[in-house]
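Engineer: Pasting start26.csv here (CSV, C-alpha atoms):
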chain,number,residue,atom,x,y,z
A,1,MET,CA,3.2,-10.6,-7.7
A,2,PHE,CA,1.9,-8.3,-5.1
A,3,SER,CA,3.0,-4.7,-5.4
A,4,SER,CA,1.8,-3.5,-2.0
A,5,PHE,CA,0.3,-4.8,1.3
A,6,LEU,CA,-1.0,-2.7,4.2
A,7,MET,CA,-2.0,-3.8,7.6
A,8,TYR,CA,-3.8,-1.3,9.8
A,9,SER,CA,-3.9,-1.1,13.6
A,10,ASN,CA,-7.2,-2.2,15.3
A,11,HIS,CA,-7.0,0.8,17.5
A,12,TYR,CA,-6.2,3.5,15.0
A,13,LYS,CA,-7.9,2.8,11.6
A,14,ASP,CA,-5.9,5.6,9.9
A,15,THR,CA,-2.5,4.4,11.1
A,16,PHE,CA,-0.8,1.5,9.4
A,17,MET,CA,1.3,-0.9,11.4
A,18,LEU,CA,2.9,-2.6,8.5
A,19,LYS,CA,3.4,-1.8,4.9
A,20,ILE,CA,5.2,-3.9,2.3
A,21,ASP,CA,6.1,-2.4,-1.1
A,22,PHE,CA,7.7,-4.3,-4.0
A,23,GLN,CA,10.3,-2.1,-5.7
A,24,LYS,CA,13.1,-3.1,-8.0
A,25,GLY,CA,13.1,-6.8,-6.9
A,26,THR,CA,13.0,-6.1,-3.2
A,27,TYR,CA,10.1,-6.3,-0.7
A,28,GLU,CA,10.5,-3.2,1.4
A,29,ILE,CA,8.9,-3.5,4.8
A,30,LYS,CA,7.9,-0.3,6.7
A,31,GLY,CA,6.5,-0.2,10.2
A,32,ASP,CA,6.5,-2.7,13.1
A,33,LEU,CA,7.4,-6.3,12.8
A,34,VAL,CA,6.0,-7.7,16.0
A,35,GLN,CA,4.0,-10.7,17.2
A,36,GLU,CA,0.7,-9.0,16.5
A,37,ASN,CA,1.3,-9.0,12.8
A,38,SER,CA,3.7,-12.0,12.4
A,39,ASN,CA,1.0,-14.3,11.1
A,40,ASN,CA,0.0,-11.9,8.4
A,41,LEU,CA,3.6,-11.5,7.4
A,42,ARG,CA,4.0,-15.3,7.3
A,43,THR,CA,0.9,-15.7,5.1
A,44,TYR,CA,1.9,-12.9,2.8
A,45,PHE,CA,5.4,-14.3,2.0
A,46,LYS,CA,4.2,-17.9,1.9
A,47,THR,CA,1.9,-16.9,-0.9
A,48,ILE,CA,4.6,-15.1,-2.7
A,49,LEU,CA,7.0,-18.1,-2.4
A,50,GLN,CA,4.4,-20.2,-4.2
A,51,HIS,CA,4.8,-17.9,-7.3
A,52,ASP,CA,8.3,-16.6,-7.1
A,53,SER,CA,11.7,-18.4,-6.9
A,54,LYS,CA,13.4,-15.6,-5.1
A,55,ILE,CA,12.4,-13.1,-2.3
A,56,VAL,CA,14.6,-10.3,-1.1
A,57,VAL,CA,13.4,-8.4,2.0
A,58,SER,CA,14.6,-4.9,3.1
A,59,LEU,CA,14.2,-4.0,6.8
A,60,LYS,CA,15.6,-0.5,6.4
A,61,SER,CA,12.3,1.2,7.3
A,62,VAL,CA,11.3,-1.2,10.1
A,63,THR,CA,10.8,0.6,13.4
A,64,LYS,CA,10.3,-2.4,15.7
A,65,MET,CA,11.0,-6.1,15.6
A,66,ASP,CA,10.7,-9.0,18.0
A,67,ASN,CA,11.7,-12.7,18.1
A,68,TYR,CA,8.4,-13.9,16.8
A,69,VAL,CA,9.2,-12.3,13.5
A,70,LEU,CA,12.7,-13.7,13.5
A,71,ASP,CA,11.1,-17.1,13.8
A,72,VAL,CA,8.9,-16.3,10.8
A,73,PHE,CA,11.9,-15.3,8.7
A,74,ILE,CA,13.7,-18.5,9.7
A,75,GLU,CA,10.6,-20.6,8.8
A,76,LEU,CA,10.3,-18.8,5.4
A,77,TYR,CA,14.0,-19.4,4.7
A,78,LYS,CA,13.7,-23.1,5.5
A,79,MET,CA,10.6,-23.4,3.3
A,80,ALA,CA,12.3,-21.6,0.4
A,81,LEU,CA,15.4,-23.8,0.8
A,82,ALA,CA,13.3,-27.0,0.8
A,83,THR,CA,11.7,-26.0,-2.5
A,84,GLY,CA,14.8,-24.9,-4.2
A,85,LYS,CA,13.9,-21.2,-3.8
A,86,LYS,CA,15.7,-18.3,-2.2
A,87,PHE,CA,14.6,-16.1,0.7
A,88,ARG,CA,17.1,-13.4,1.8
A,89,VAL,CA,17.0,-10.4,4.2
A,90,LEU,CA,19.2,-7.4,3.4
A,91,LYS,CA,21.7,-6.4,6.2
A,92,ASN,CA,20.9,-2.7,5.9
A,93,VAL,CA,18.7,-2.0,9.1
A,94,ASP,CA,17.9,0.8,11.4
A,95,LYS,CA,20.4,1.3,14.2
A,96,SER,CA,17.8,0.2,16.8
A,97,LEU,CA,17.7,-3.2,15.0
A,98,LEU,CA,21.4,-4.0,14.8
A,99,TRP,CA,20.8,-6.8,17.3
A,100,ILE,CA,19.2,-8.7,14.4
A,101,LEU,CA,22.4,-8.9,12.6
A,102,LYS,CA,24.1,-10.6,15.5
A,103,ASP,CA,21.5,-13.4,15.8
A,104,PRO,CA,23.4,-16.6,14.7
A,105,ARG,CA,20.1,-18.2,13.5
A,106,LEU,CA,19.9,-15.6,10.7
A,107,LYS,CA,23.4,-15.9,9.4
A,108,SER,CA,22.5,-17.9,6.4
A,109,LEU,CA,19.6,-15.7,5.3
A,110,LEU,CA,21.2,-12.3,5.6
A,111,LYS,CA,22.5,-10.7,2.5
A,112,SER,CA,24.8,-7.7,2.0
Show me, as structure tokens, the structure contained in the file I just sent.
Structural biologist:
Amino acid sequence: MFSSFLMYSNHYKDTFMLKIDFQKGTYEIKGDLVQENSNNLRTYFKTILQHDSKIVVSLKSVTKMDNYVLDVFIELYKMALATGKKFRVLKNVDKSLLWILKDPRLKSLLKS
């Protein structure tokens, strides 16, 4: 299990764009979830799905998110479902991301 993952900006080496910490059974994502880092996010969680039977993701500290990342979450959810595993996203999000909770494609993977 990975306890922490950092992805730095190409433009600002001292500034992280995305950080994932594993705490108390939840992968807490901090930073921007956008197209630029969606492949890294996909690869990270696919690797974890190979070793764990359950993934719970918190978006509480995510500052930006786009549809590319929604597609990644849906892909990961379907992959987990096909292999008898669980992939869930907590509903607690920043106010600027409330639109995510209204996307009908995410209904089955959102968790209170």
Engineer: May I have the residues within 7 Å of Val57 in chain A as a list in words, using only C-alpha atoms and disregarding those fewer than 6 positions away in the same chain?
Structural biologist: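 Non-adjacent residues within range: Thr26, Tyr27, Glu28, Arg88, Val89 and Leu90 of chain A.
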Engineer: I want to know what sits within 8 Å of Ile29 in chain A, based on all atoms listed in the file, with residues of the same chain fewer than 4 positions away left out; could you give that as number ranges by chain?
Structural biologist: A: 18-21, 57-62
Engineer: When you draw a straight line from CA of Met79 in chain A to CA of Asn37 in chain A, how long is it in Å?
Structural biologist: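 It comes out at 19.6 Å.
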Engineer: What is the CA of Leu101 in chain A-CA of Met17 in chain A distance in Å, reported with one decimal?
Structural biologist: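 It comes out at 22.6 Å.
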Engineer: Please indicate the distance in Å from CA of Ala80 in chain A to CA of Leu49 in chain A, rounded to one decimal place.
Structural biologist: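 Taking CA of Ala80 in chain A and CA of Leu49 in chain A, their separation equals 6.9 Å.
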Engineer: In terms of the shortest atom-to-atom distance over only C-alpha atoms, which of A:Asp32, A:Phe73, A:Gly25, A:Ala82 is closest to Tyr44 in chain A?
Structural biologist: A:Phe73
Engineer: Taking into account only C-alpha atoms, which residue in the set A:Arg42, A:Ile55, A:Gln23, A:Pro104 is nearest to Leu81 in chain A?
Structural biologist: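 Of A:Arg42, A:Ile55, A:Gln23, A:Pro104, the one nearest Leu81 in chain A is A:Ile55, counting only C-alpha atoms.
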Engineer: With distances taken over all atoms listed in the file, which of A:Lys102, A:Lys111, A:Met65, A:Lys46 is nearest to Lys85 in chain A?
Structural biologist: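 Using all atoms listed in the file, Lys85 in chain A sits closest to A:Lys46.
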Engineer: Find the residues around Thr43 in chain A up to 12 Å (all atoms listed in the file counted), leave out those fewer than 3 positions away in its own chain, and share them as number ranges by chain.
Structural biologist: A: 5, 37-40, 46-50, 72-73, 75-76
